[in-house]
>>> print(open('run-v3.cif').read())   # mmCIF, C-alpha atoms and all ligand atoms
data_my_file
loop_
_atom_site.label_atom_id
_atom_site.label_comp_id
_atom_site.auth_asym_id
_atom_site.auth_seq_id
_atom_site.Cartn_x
_atom_site.Cartn_y
_atom_site.Cartn_z
CA MET A 6 118.48 -178.14 238.64
CA PRO A 7 116.69 -178.72 241.96
CA THR A 8 113.94 -181.32 241.82
CA LYS A 9 110.91 -179.35 242.76
CA SER A 10 107.34 -179.68 241.63
CA GLU A 11 105.20 -176.92 240.22
CA SER A 12 103.41 -176.55 243.55
CA ASP A 13 106.77 -176.17 245.35
CA ILE A 14 107.57 -173.31 243.01
CA LEU A 15 104.19 -171.72 243.68
CA THR A 16 104.99 -171.86 247.40
CA LEU A 17 108.45 -170.41 246.76
CA LEU A 18 106.95 -167.53 244.79
CA LYS A 19 104.84 -166.50 247.79
CA GLN A 20 108.03 -164.65 248.79
CA VAL A 21 107.38 -162.24 245.93
CA LYS A 22 105.31 -159.34 247.25
CA ASP A 23 103.55 -156.49 245.56
CA PRO A 24 106.12 -153.64 245.87
CA GLU A 25 103.30 -151.16 246.47
CA ILE A 26 101.48 -153.30 249.05
CA PRO A 27 104.22 -155.42 250.68
CA VAL A 28 101.76 -157.43 252.79
CA LEU A 29 100.35 -159.10 249.66
CA ASP A 30 102.13 -161.77 247.69
CA ILE A 31 101.60 -162.14 243.97
CA ALA A 32 99.49 -165.29 244.38
CA GLU A 33 97.03 -163.56 246.75
CA LEU A 34 96.94 -160.59 244.43
CA GLY A 35 95.99 -162.86 241.54
CA VAL A 36 98.95 -161.66 239.45
CA LEU A 37 100.63 -165.09 239.51
CA ARG A 38 98.65 -167.18 237.06
CA LYS A 39 100.53 -170.40 236.45
CA VAL A 40 103.82 -172.20 236.87
CA TYR A 41 104.95 -175.06 234.63
CA PHE A 42 108.02 -176.68 233.14
CA GLU A 43 109.03 -176.49 229.51
CA GLU A 44 111.72 -179.14 229.27
CA ASP A 45 114.13 -177.93 232.00
CA GLU A 46 112.95 -174.38 232.05
CA VAL A 47 110.55 -173.00 234.65
CA VAL A 48 107.84 -170.86 233.08
CA VAL A 49 106.02 -168.39 235.32
CA GLU A 50 102.93 -166.73 233.90
CA ILE A 51 101.87 -163.39 235.33
CA THR A 52 99.09 -160.98 234.45
CA PRO A 53 99.64 -157.28 235.22
CA THR A 54 97.04 -155.55 237.39
CA TYR A 55 96.72 -153.01 234.62
CA SER A 56 98.75 -152.47 231.49
CA GLY A 57 101.82 -150.35 232.12
CA CYS A 58 101.71 -150.98 235.85
CA PRO A 59 105.18 -149.89 237.04
CA ALA A 60 105.20 -152.60 239.74
CA MET A 61 105.40 -155.39 237.16
CA GLN A 62 109.06 -154.73 236.40
CA ALA A 63 109.95 -155.07 240.08
CA ILE A 64 107.79 -158.21 240.38
CA THR A 65 109.48 -159.81 237.36
CA SER A 66 112.98 -159.23 238.69
CA GLU A 67 111.96 -160.43 242.15
CA ILE A 68 110.62 -163.70 240.63
CA GLY A 69 114.00 -164.11 238.95
CA ARG A 70 115.83 -163.48 242.21
CA VAL A 71 113.75 -166.04 244.12
CA LEU A 72 114.09 -168.72 241.42
CA THR A 73 117.83 -168.18 241.06
CA GLY A 74 118.19 -168.28 244.83
CA ALA A 75 116.44 -171.67 244.88
CA GLY A 76 118.85 -173.00 242.27
CA PHE A 77 116.81 -172.61 239.10
CA ARG A 78 119.05 -171.29 236.36
CA ALA A 79 116.63 -171.59 233.48
CA TYR A 80 113.40 -169.72 233.85
CA LYS A 81 111.16 -167.44 231.89
CA VAL A 82 108.56 -164.96 233.13
CA LYS A 83 105.74 -164.71 230.64
CA THR A 84 103.26 -161.85 230.72
CA VAL A 85 99.75 -162.94 229.82
CA LEU A 86 97.42 -160.06 229.04
CA SER A 87 94.26 -161.99 228.30
CA PRO A 88 92.02 -162.51 230.17
CA ALA A 89 92.73 -159.13 231.77
CA TRP A 90 93.33 -159.00 235.50
CA THR A 91 90.44 -157.77 237.60
CA THR A 92 90.23 -156.96 241.30
CA ASP A 93 87.91 -160.01 241.59
CA TRP A 94 91.07 -162.15 241.32
CA MET A 95 92.21 -160.95 244.73
CA ASN A 96 91.27 -163.62 247.20
CA GLU A 97 89.52 -163.07 250.53
CA ASN A 98 92.81 -163.37 252.38
CA ALA A 99 94.24 -160.59 250.23
CA ARG A 100 91.23 -158.35 250.89
CA ARG A 101 91.51 -158.88 254.64
CA LYS A 102 95.25 -158.10 254.64
CA LEU A 103 94.63 -155.01 252.54
CA VAL A 104 92.20 -153.61 255.13
CA GLU A 105 94.61 -154.48 257.97
CA TYR A 106 97.26 -152.57 256.03
CA GLY A 107 94.94 -149.54 256.00
CA ILE A 108 93.70 -149.69 252.42
CA ALA A 109 90.01 -150.15 251.63
CA ALA A 110 89.50 -153.34 249.60
CA PRO A 111 87.82 -153.18 246.20
CA GLY A 112 84.21 -154.29 245.85
CA LYS A 113 83.10 -156.90 243.33
CA VAL A 114 83.30 -155.85 239.67
CA LYS A 115 79.66 -156.91 239.13
CA ASP A 116 78.41 -154.48 241.82
CA HIS A 117 80.72 -151.77 240.56
CA LEU A 118 79.29 -152.04 237.04
CA HIS A 119 75.76 -152.08 238.44
CA ARG A 120 76.44 -148.83 240.30
CA LEU A 121 77.98 -147.25 237.20
CA ARG A 122 74.79 -148.11 235.29
CA THR A 123 72.36 -146.93 237.95
CA GLY A 124 74.40 -144.01 239.32
CA GLU A 125 73.82 -145.44 242.79
CA LYS A 126 76.52 -144.45 245.27
CA LYS A 127 77.97 -146.72 247.90
CA PRO A 128 80.27 -145.16 250.47
CA VAL A 129 83.66 -146.76 250.90
CA LYS A 130 84.17 -148.21 254.35
CA CYS A 131 87.01 -146.71 256.39
CA PRO A 132 89.68 -149.40 256.95
CA PHE A 133 90.49 -147.93 260.39
CA CYS A 134 87.10 -147.49 262.09
CA GLU A 135 84.71 -149.15 259.60
CA SER A 136 82.68 -145.96 259.34
CA VAL A 137 80.84 -145.37 256.08
CA HIS A 138 80.87 -141.59 256.61
CA THR A 139 83.69 -141.13 254.16
CA SER A 140 84.24 -138.90 251.18
CA LEU A 141 86.30 -139.22 248.03
CA THR A 142 89.21 -136.78 248.04
CA SER A 143 90.86 -137.76 244.80
CA ALA A 144 90.19 -140.42 242.18
CA PHE A 145 93.94 -141.03 242.05
CA GLY A 146 95.99 -141.82 245.12
CA SER A 147 99.70 -142.64 245.36
CA THR A 148 99.31 -144.88 242.29
CA ALA A 149 96.79 -145.00 239.45
CA CYS A 150 95.12 -148.10 240.91
CA LYS A 151 94.18 -146.38 244.16
CA ALA A 152 91.76 -143.59 245.09
CA LEU A 153 92.09 -141.29 248.07
CA HIS A 154 89.32 -140.94 250.64
CA TYR A 155 88.81 -139.16 253.93
CA CYS A 156 87.01 -140.57 256.94
CA ASN A 157 84.69 -138.02 258.56
CA ASP A 158 84.50 -140.04 261.77
CA CYS A 159 88.12 -140.81 262.63
CA SER A 160 89.49 -137.92 260.53
CA GLN A 161 92.00 -140.06 258.71
CA PRO A 162 92.76 -140.08 255.03
CA PHE A 163 92.92 -143.55 253.50
CA GLU A 164 93.41 -145.19 250.15
CA GLU A 165 91.05 -147.51 248.35
CA PHE A 166 92.21 -150.18 245.92
CA LYS A 167 89.98 -149.31 242.99
CA CYS A 168 87.75 -151.89 241.45
CA HIS A 169 88.56 -152.73 237.85
ZN ZN B 1 87.54 -143.95 260.07
#
>>> encode(input="run-v3.cif", output="structure tokens")
Amino acid sequence: MPTKSESDILTLLKQVKDPEIPVLDIAELGVLRKVYFEEDEVVVEITPTYSGCPAMQAITSEIGRVLTGAGFRAYKVKTVLSPAWTTDWMNENARRKLVEYGIAAPGKVKDHLHRLRTGEKKPVKCPFCESVHTSLTSAFGSTACKALHYCNDCSQPFEEFKCH
């Protein structure tokens, strides 16, 4: 087994991207929770973005591919469901990359809940021209975790990573 520390493995696992948003790695996304050794076995803990997320299967096999490629034969990918993943776990870097990729980044959960309570609406900012003159086209985009919007200024449809 290669002698690598837990932080080396975390760096290694930055090669594992979200299959739906290939500019984001699983650490930036907040899906990668922890890496540790149990005797000689590498244990990788991940938390799905939502239960039944189809991307998790691809992420799990990609983790296996990267670890095997680095010489780790014994590893285990553990799914941890609690505490549940929230969009707040995406770091600032991830949010910036998301917008550069053309997807509106989610707001903070706290503000989202506040708006749900008060019925207050906040327009989603267009990732292309930063206009707030946008309208919701569909609550579900290409995947369940995204909504579809339309920008009235640059006339482009765009997706928003929904807050949850
Ligand atoms: Zn726009």
>>> closest_atom_pairs(input="run-v3.cif", of="stretch 25-62 of chain A", to="stretch 135-155 of chain A", cutoff="12 Å", atoms="all atoms listed in the file", output="CSV")
residue,atom,partner,partner_atom,distance
A:Glu25,CA,A:Thr148,CA,8.5
A:Ile26,CA,A:Thr148,CA,11.0
A:Pro53,CA,A:Cys150,CA,11.7
A:Thr54,CA,A:Cys150,CA,8.5
A:Tyr55,CA,A:Cys150,CA,8.1
A:Ser56,CA,A:Cys150,CA,11.0
A:Gly57,CA,A:Ala149,CA,10.4
A:Cys58,CA,A:Ala149,CA,8.5
A:Pro59,CA,A:Thr148,CA,9.3
A:Ala60,CA,A:Thr148,CA,10.0
>>> closest_atom_pairs(input="run-v3.cif", of="chain A", to="ligand ZN 1 (chain B)", cutoff="12 Å", atoms="all atoms listed in the file", output="tab-separated table")
residue	atom	partner	partner_atom	distance
A:Val104	CA	B:ZN1	ZN	11.8
A:Gly107	CA	B:ZN1	ZN	10.1
A:Ile108	CA	B:ZN1	ZN	11.4
A:Ala109	CA	B:ZN1	ZN	10.8
A:Val129	CA	B:ZN1	ZN	10.3
A:Lys130	CA	B:ZN1	ZN	7.9
A:Cys131	CA	B:ZN1	ZN	4.6
A:Pro132	CA	B:ZN1	ZN	6.6
A:Phe133	CA	B:ZN1	ZN	5.0
A:Cys134	CA	B:ZN1	ZN	4.1
A:Glu135	CA	B:ZN1	ZN	5.9
A:Ser136	CA	B:ZN1	ZN	5.3
A:Val137	CA	B:ZN1	ZN	7.9
A:His138	CA	B:ZN1	ZN	7.9
A:Thr139	CA	B:ZN1	ZN	7.6
A:Ser140	CA	B:ZN1	ZN	10.7
A:His154	CA	B:ZN1	ZN	10.1
A:Tyr155	CA	B:ZN1	ZN	7.9
A:Cys156	CA	B:ZN1	ZN	4.6
A:Asn157	CA	B:ZN1	ZN	6.8
A:Asp158	CA	B:ZN1	ZN	5.2
A:Cys159	CA	B:ZN1	ZN	4.1
A:Ser160	CA	B:ZN1	ZN	6.4
A:Gln161	CA	B:ZN1	ZN	6.1
A:Pro162	CA	B:ZN1	ZN	8.2
A:Phe163	CA	B:ZN1	ZN	8.5
A:Glu164	CA	B:ZN1	ZN	11.6
>>> closest_residue(input="run-v3.cif", among="A:Thr123, A:Thr92, A:Ser12, A:Thr52", to="A:Lys167", atoms="all atoms listed in the file")
A:Thr92
>>> residues_around(input="run-v3.cif", residues="stretch 31-35 of chain A", least_positions_apart="5", cutoff="9 Å", atoms="all atoms listed in the file", output="list of chain:residue names")
A:Leu15, A:Leu18, A:Lys19, A:Gln20, A:Val21, A:Lys22, A:Asp23, A:Ile51, A:Thr52, A:Thr54, A:Ile64, A:Trp90, A:Thr91, A:Thr92, A:Asp93, A:Trp94, A:Met95, A:Asn96, A:Glu97, A:Asn98, A:Ala99, A:Arg100
>>> write_last_selection(input="run-v3.cif", atoms="C-alpha atoms", output="PDB file, keeping the file's coordinate frame")
ATOM      1  CA  LEU A  15     104.190-171.720 243.680  1.00  0.00           C
ATOM      2  CA  LEU A  18     106.950-167.530 244.790  1.00  0.00           C
ATOM      3  CA  LYS A  19     104.840-166.500 247.790  1.00  0.00           C
ATOM      4  CA  GLN A  20     108.030-164.650 248.790  1.00  0.00           C
ATOM      5  CA  VAL A  21     107.380-162.240 245.930  1.00  0.00           C
ATOM      6  CA  LYS A  22     105.310-159.340 247.250  1.00  0.00           C
ATOM      7  CA  ASP A  23     103.550-156.490 245.560  1.00  0.00           C
ATOM      8  CA  ILE A  51     101.870-163.390 235.330  1.00  0.00           C
ATOM      9  CA  THR A  52      99.090-160.980 234.450  1.00  0.00           C
ATOM     10  CA  THR A  54      97.040-155.550 237.390  1.00  0.00           C
ATOM     11  CA  ILE A  64     107.790-158.210 240.380  1.00  0.00           C
ATOM     12  CA  TRP A  90      93.330-159.000 235.500  1.00  0.00           C
ATOM     13  CA  THR A  91      90.440-157.770 237.600  1.00  0.00           C
ATOM     14  CA  THR A  92      90.230-156.960 241.300  1.00  0.00           C
ATOM     15  CA  ASP A  93      87.910-160.010 241.590  1.00  0.00           C
ATOM     16  CA  TRP A  94      91.070-162.150 241.320  1.00  0.00           C
ATOM     17  CA  MET A  95      92.210-160.950 244.730  1.00  0.00           C
ATOM     18  CA  ASN A  96      91.270-163.620 247.200  1.00  0.00           C
ATOM     19  CA  GLU A  97      89.520-163.070 250.530  1.00  0.00           C
ATOM     20  CA  ASN A  98      92.810-163.370 252.380  1.00  0.00           C
ATOM     21  CA  ALA A  99      94.240-160.590 250.230  1.00  0.00           C
ATOM     22  CA  ARG A 100      91.230-158.350 250.890  1.00  0.00           C
TER      23      ARG A 100
END
>>> atom_distance(input="run-v3.cif", atom1="atom CA of A:Arg122", atom2="atom CA of A:Leu86")
26.3 Å
>>> atom_distance(input="run-v3.cif", atom1="atom CA of A:Ala63", atom2="atom CA of A:Lys83")
14.1 Å
>>> closest_residue(input="run-v3.cif", among="A:Met61, A:Ala79, A:Leu29, A:Ala89", to="A:Glu43", atoms="all atoms listed in the file")
A:Ala79
>>> atom_distance(input="run-v3.cif", atom1="atom CA of A:Pro27", atom2="atom CA of A:Lys127")
27.8 Å
>>> closest_residue(input="run-v3.cif", among="A:Val71, A:Leu121, A:Leu103, A:Leu37", to="A:Val49", atoms="all atoms listed in the file")
A:Leu37
>>> closest_residue(input="run-v3.cif", among="A:Gly74, A:Pro111, A:Pro88, A:Gly124", to="A:Pro7", atoms="all atoms listed in the file")
A:Gly74
>>> closest_residue(input="run-v3.cif", among="A:Leu118, A:Val48, A:Ala110, A:Ile68", to="A:Val85", atoms="only C-alpha atoms")
A:Val48
>>> closest_residue(input="run-v3.cif", among="A:Glu50, A:Ser10, A:Cys168, A:Leu17", to="A:Arg70", atoms="all atoms listed in the file")
A:Leu17
>>> axis_aligned_box(input="run-v3.cif", around="stretch 128-135 of chain A", padding_each_side="5 Å", output="AutoDock Vina command-line options")
--center_x 85.4 --center_y -147.3 --center_z 256.3 --size_x 20.2 --size_y 14.2 --size_z 21.6
